[in-house]
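Trainee: One structure coming up, written as C-alpha cells, with questions to follow.
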Amino acid sequence: MLSPLLDKIHRAVGLLPAPLLRDFSGRLTAANSSYSEVLVSIILQSVNNPRLRRSVQDVLNAWRDDRSLNWGSSELAAAITSAAYAVQSSQRELAVDLVWTGPSTSSLAIRRTDQVLLQLIQDCHHDLTLISFAIYKVPDIVQALTVALDRGIQLRILAETPESGDGKIAYGLQATFGRDILQRAQVLVWPKEKRPIGADGRYGSLHVKGAIVDDHCLFISSANLTEYALSLNMELGVLIQSEVLVTQLKGQLESMVREKVIVPLRSPA
C-alpha cells in the first residue's frame with residue numbers, strides 16, 4: 001500500500017510549477033530538521049496561490065502524520081526532488097506531432113491526415129480502434145484495413161450510422177467498408193436511447209474522430225473518415241505517442257462497453 005506521504009508527494013509534483021518545487025525542497029534541505037510548525041509556516045509563507053498552498057500543506061501534514069518513514073526535512077526534500085525528476089522524465093517521453101490537411105506552405109513541413117492514418121494502419125501490430133462521425137469514400141483506408149486484418153490485427157470501429165445518428169448522416173458503414181470488414185471487425189455504435197436530448201429534441205452526436213494503435217499511439221483529429229476530410233478540407237490533428245494516454249482512453253471505451261453506453265452494431269449498417 002502506498003504511503004500517504006508518498007501519495008501526497010506524487011500529487012504535489014504533478015501540480016506545482018518547477019520553480020516552486022525547487023524552492024520547497026530547497027527550504028526543506030536548508031532546514032535539515034524534523035517536522036516543526038515554524039518550518040511549516042516559513043514554507044507556506046512563500047506560496048501565494050491558494051490551490052498550490054493547499055497541495056504543499058497536504059505534503060507537510062502527511063510528513064507530520066506518517067511515522068512509518070521517519071524522515072527528516074532533508075529526506076523529504078530528496079523524495080520531492082526524485083519524484084519531480086521522474087515526472088519530468090515521463091513527460092519528455094510524450095511525443096506529439098501536428099497533422100494537417102489543407103493549404104500547404106513552405107514554412108513548416110507537416111504530415112497529411114491521410115498519410116498518417118495509412119501509416120498507422122500499416123504499422124499496427126495488435127489492435128486498432130477507429131472512431132469517426134462520418135465514414136465514406138476512403139478506398140485507400142479500406143484497402144489498408146483489409147491487409148491489416150489479413151495479417152491478424154484486431155479492428156474496432158466506433159462510428160455514427162444513419163439509425164444511431166437519427167438521420168444526421170446519409171450513408172451506412174457497409175457502403176464504405178463492405179460486409180467482409182464489418183464481419184471481421186468489432187463495430188460499435190452509440191444508441192439513440194443512451195444519448196442526451198436537448199431542449200429542442202435533438203440528440204447528441206458521436207463527434208469524436210481519431211484512432212488508437214496498439215498500446216502506445218493515439219491520433220486525435222478534426223477530420224472525419226471521408227474523402228473530403230482527407231483531401232479537400234482544412235483539418236488539424238495531433239499524433240501522440242503515450243502509453244499513459246492510450247491506456248486511459250482504452251479504459252474509457254471499455255467502461256462504456258461494459259456499461260452498454262456503446263453497443264455492438266446488430267447488423268451491417
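Letters for chains follow the order of the C-alpha cells (A, B, ...), residue numbers begin at 1 for each chain, and ligand numbers begin at 1 in the order shown.
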Report as CSV the residues of region 49-159 of chain A within 12 Å of region 245-267 of chain A, each with its shortest atom pair and distance in Å (one decimal), using only C-alpha atoms, ordered by chain and increasing residue number.

Mentor:
residue,atom,partner,partner_atom,distance
A:Gln91,CA,A:Leu245,CA,11.5
A:Glu93,CA,A:Leu245,CA,11.9
A:Leu94,CA,A:Leu245,CA,9.3
A:Ala95,CA,A:Leu245,CA,11.4
A:Val96,CA,A:Leu245,CA,11.8
A:Asp127,CA,A:Lys250,CA,11.1
A:Leu128,CA,A:Lys250,CA,10.8
A:Thr129,CA,A:Lys250,CA,9.2
A:Leu130,CA,A:Leu253,CA,11.8
A:Ile131,CA,A:Leu253,CA,10.8
A:Arg156,CA,A:Pro264,CA,10.1
A:Ile157,CA,A:Pro264,CA,9.7
A:Leu158,CA,A:Ile262,CA,8.4
A:Ala159,CA,A:Leu265,CA,9.8

Trainee: When DSSP works through the backbone of this structure, what residues of region 130-254 of chain A end up as strand (DSSP E or B), shown as a ChimeraX atom specification?

Mentor: /A:130-132,135-136,154-159,186-189,197,203,210-213,217-221,225-226,235-241

Trainee: So which residues touch Ile153 (chain A) within 6 Å, counting only C-alpha atoms, skipping near sequence neighbours fewer than 3 positions away, as JSON, numbers by chain?

Mentor: {"A": [126, 127, 148, 149]}

Trainee: Select, from A:Arg54, A:Gly237, A:Ser231, A:Pro4, the residue with the minimum atom-to-atom distance to Leu16 (chain A), counting only C-alpha atoms.

Mentor: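 Going through A:Arg54, A:Gly237, A:Ser231, A:Pro4 one by one, the smallest distance to Leu16 (chain A) is for A:Arg54.
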
Trainee: Which residue is closest to Ser164 (chain A)? Choose from A:His125, A:Ile181, A:Ser205, A:Ser3 and count only C-alpha atoms.

Mentor: A:Ser205

Trainee: As an MDAnalysis selection string, list the residues of region 1-83 of chain A assigned to alpha helix (DSSP H) by DSSP on the backbone atoms of this structure.

Mentor: chainID A and resid 4:15 18:31 37:45 50:65 73:83

Trainee: Output C-alpha atoms of each residue in that selection to a file, as a PDB file, in the first residue's frame.

Mentor:
ATOM      1  CA  PRO A   4       0.101   8.601   2.462  1.00  0.00           C
ATOM      2  CA  LEU A   5       3.187  10.818   2.378  1.00  0.00           C
ATOM      3  CA  LEU A   6       4.417   9.349  -0.909  1.00  0.00           C
ATOM      4  CA  ASP A   7       0.942   9.771  -2.352  1.00  0.00           C
ATOM      5  CA  LYS A   8       0.858  13.466  -1.398  1.00  0.00           C
ATOM      6  CA  ILE A   9       4.336  13.984  -2.850  1.00  0.00           C
ATOM      7  CA  HIS A  10       3.235  12.361  -6.103  1.00  0.00           C
ATOM      8  CA  ARG A  11       0.186  14.617  -6.315  1.00  0.00           C
ATOM      9  CA  ALA A  12       2.187  17.730  -5.486  1.00  0.00           C
ATOM     10  CA  VAL A  13       4.902  17.224  -8.103  1.00  0.00           C
ATOM     11  CA  GLY A  14       2.197  16.826 -10.732  1.00  0.00           C
ATOM     12  CA  LEU A  15       0.634  20.140  -9.748  1.00  0.00           C
ATOM     13  CA  ALA A  18       9.116  23.574 -11.198  1.00  0.00           C
ATOM     14  CA  PRO A  19      10.384  26.805  -9.542  1.00  0.00           C
ATOM     15  CA  LEU A  20       8.027  26.301  -6.604  1.00  0.00           C
ATOM     16  CA  LEU A  21       9.113  22.678  -6.228  1.00  0.00           C
ATOM     17  CA  ARG A  22      12.758  23.746  -6.182  1.00  0.00           C
ATOM     18  CA  ASP A  23      12.027  26.396  -3.565  1.00  0.00           C
ATOM     19  CA  PHE A  24      10.034  23.903  -1.481  1.00  0.00           C
ATOM     20  CA  SER A  25      12.749  21.238  -1.488  1.00  0.00           C
ATOM     21  CA  GLY A  26      15.465  23.872  -1.022  1.00  0.00           C
ATOM     22  CA  ARG A  27      13.872  25.216   2.164  1.00  0.00           C
ATOM     23  CA  LEU A  28      13.489  21.672   3.489  1.00  0.00           C
ATOM     24  CA  THR A  29      17.134  20.879   2.736  1.00  0.00           C
ATOM     25  CA  ALA A  30      18.353  24.092   4.351  1.00  0.00           C
ATOM     26  CA  ALA A  31      16.332  23.414   7.496  1.00  0.00           C
ATOM     27  CA  GLU A  37       5.322  24.294  12.929  1.00  0.00           C
ATOM     28  CA  VAL A  38       7.909  27.046  12.489  1.00  0.00           C
ATOM     29  CA  LEU A  39       9.317  25.341   9.384  1.00  0.00           C
ATOM     30  CA  VAL A  40       5.803  24.801   8.012  1.00  0.00           C
ATOM     31  CA  SER A  41       4.995  28.479   8.500  1.00  0.00           C
ATOM     32  CA  ILE A  42       8.172  29.575   6.699  1.00  0.00           C
ATOM     33  CA  ILE A  43       7.454  27.310   3.718  1.00  0.00           C
ATOM     34  CA  LEU A  44       3.775  28.232   3.386  1.00  0.00           C
ATOM     35  CA  GLN A  45       4.536  31.965   3.517  1.00  0.00           C
ATOM     36  CA  PRO A  50      -4.354  29.024  -2.506  1.00  0.00           C
ATOM     37  CA  ARG A  51      -4.573  25.803  -4.537  1.00  0.00           C
ATOM     38  CA  LEU A  52      -0.805  25.334  -4.614  1.00  0.00           C
ATOM     39  CA  ARG A  53      -0.506  26.225  -0.941  1.00  0.00           C
ATOM     40  CA  ARG A  54      -3.072  23.554  -0.115  1.00  0.00           C
ATOM     41  CA  SER A  55      -1.023  20.972  -2.015  1.00  0.00           C
ATOM     42  CA  VAL A  56       2.154  21.942  -0.133  1.00  0.00           C
ATOM     43  CA  GLN A  57       0.208  21.858   3.135  1.00  0.00           C
ATOM     44  CA  ASP A  58      -1.023  18.338   2.310  1.00  0.00           C
ATOM     45  CA  VAL A  59       2.577  17.152   1.898  1.00  0.00           C
ATOM     46  CA  LEU A  60       3.648  18.741   5.162  1.00  0.00           C
ATOM     47  CA  ASN A  61       0.664  17.339   7.054  1.00  0.00           C
ATOM     48  CA  ALA A  62       1.369  13.864   5.718  1.00  0.00           C
ATOM     49  CA  TRP A  63       5.021  14.251   6.725  1.00  0.00           C
ATOM     50  CA  ARG A  64       3.872  15.130  10.247  1.00  0.00           C
ATOM     51  CA  ASP A  65       1.424  12.227  10.465  1.00  0.00           C
ATOM     52  CA  SER A  73      13.327  17.507   6.194  1.00  0.00           C
ATOM     53  CA  SER A  74      16.378  16.562   4.108  1.00  0.00           C
ATOM     54  CA  GLU A  75      14.960  13.132   3.306  1.00  0.00           C
ATOM     55  CA  LEU A  76      11.622  14.715   2.408  1.00  0.00           C
ATOM     56  CA  ALA A  77      13.397  17.179   0.108  1.00  0.00           C
ATOM     57  CA  ALA A  78      15.237  14.310  -1.607  1.00  0.00           C
ATOM     58  CA  ALA A  79      11.964  12.435  -2.126  1.00  0.00           C
ATOM     59  CA  ILE A  80      10.314  15.519  -3.663  1.00  0.00           C
ATOM     60  CA  THR A  81      13.296  16.103  -5.972  1.00  0.00           C
ATOM     61  CA  SER A  82      13.343  12.447  -7.064  1.00  0.00           C
ATOM     62  CA  ALA A  83       9.602  12.390  -7.713  1.00  0.00           C
TER      63      ALA A  83
END

Trainee: For the atom pair CA of Asp150 (chain A) and CA of Ala185 (chain A), what is the interatomic distance in Å to one decimal place?

Mentor: 11.6 Å

Trainee: Could you pull the residues within 10 Å of Tyr203 (chain A), counting only C-alpha atoms, minus those fewer than 6 positions along the same chain, as a VMD selection string?

Mentor: chain A and resid 164 to 166 168 192 to 197

Trainee: Pick from A:Asp140, A:Val99, A:Val189, A:Ser89: nearest to Val116 (chain A), with only C-alpha atoms counted?

Mentor: A:Val99

Trainee: Identify, on the basis of only C-alpha atoms, every residue whose closest approach to Asp180 (chain A) does not exceed 12 Å; exclude the query and any residue fewer than 6 positions from it along the same chain; express the result as a list in words.

Mentor: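 Skipping anything fewer than 6 positions along the chain leaves Val142, Gln143, Leu145, Thr146, Leu149, Asp150, Leu173, Gln174, Gln186 and Pro268 of chain A.
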
Trainee: Measuring atom to atom with only C-alpha atoms, identify which of A:Ser46, A:Gln183, A:Asp114, A:Phe219 is nearest to Gly102 (chain A).

Mentor: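 Smallest distance to Gly102 (chain A) is found for A:Asp114.
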
Trainee: What is the CA of Met234 (chain A) to CA of Gln119 (chain A) distance in Å?

Mentor: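 Going from CA of Met234 (chain A) over to CA of Gln119 (chain A), I get 20.1 Å.
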
Trainee: Measuring between only C-alpha atoms, which one of A:Cys217, A:Leu98, A:Leu236, A:Ile169 shows the shortest distance to Ile121 (chain A)?

Mentor: A:Cys217

Trainee: Which of these, A:Ile141, A:Ser68, A:Ala84, A:Thr101, has the shortest distance to Ser222 (chain A) once you count only C-alpha atoms?

Mentor: A:Thr101

Trainee: Extract, using only C-alpha atoms, all DNA, RNA and protein residues at most 10 Å from Leu230 (chain A), discarding same-chain residues fewer than 2 positions from it, and format them as a PDB file with C-alpha atoms, in the first residue's frame.

Mentor:
ATOM      1  CA  TRP A 100      -2.624  18.759 -41.240  1.00  0.00           C
ATOM      2  CA  THR A 101      -4.850  18.639 -44.291  1.00  0.00           C
ATOM      3  CA  GLY A 102      -5.355  21.819 -46.289  1.00  0.00           C
ATOM      4  CA  ARG A 112      -1.099  14.967 -44.080  1.00  0.00           C
ATOM      5  CA  THR A 113      -4.013  13.300 -42.322  1.00  0.00           C
ATOM      6  CA  ASP A 114      -4.425  10.520 -44.899  1.00  0.00           C
ATOM      7  CA  GLN A 115      -0.690   9.766 -44.835  1.00  0.00           C
ATOM      8  CA  LEU A 117      -3.769   7.206 -40.988  1.00  0.00           C
ATOM      9  CA  VAL A 138     -11.998   6.213 -48.355  1.00  0.00           C
ATOM     10  CA  ALA A 223     -11.173  15.100 -39.751  1.00  0.00           C
ATOM     11  CA  ASN A 224     -13.886  12.545 -40.362  1.00  0.00           C
ATOM     12  CA  LEU A 225     -13.003   9.433 -42.336  1.00  0.00           C
ATOM     13  CA  THR A 226     -14.358  10.872 -45.567  1.00  0.00           C
ATOM     14  CA  GLU A 227     -12.945  11.697 -48.972  1.00  0.00           C
ATOM     15  CA  TYR A 228     -13.317  15.452 -48.491  1.00  0.00           C
ATOM     16  CA  LEU A 232     -10.062  18.878 -49.612  1.00  0.00           C
ATOM     17  CA  ASN A 233     -10.966  20.247 -46.194  1.00  0.00           C
ATOM     18  CA  MET A 234      -8.752  22.181 -43.820  1.00  0.00           C
ATOM     19  CA  GLU A 235      -8.275  19.775 -40.903  1.00  0.00           C
TER      20      GLU A 235
END
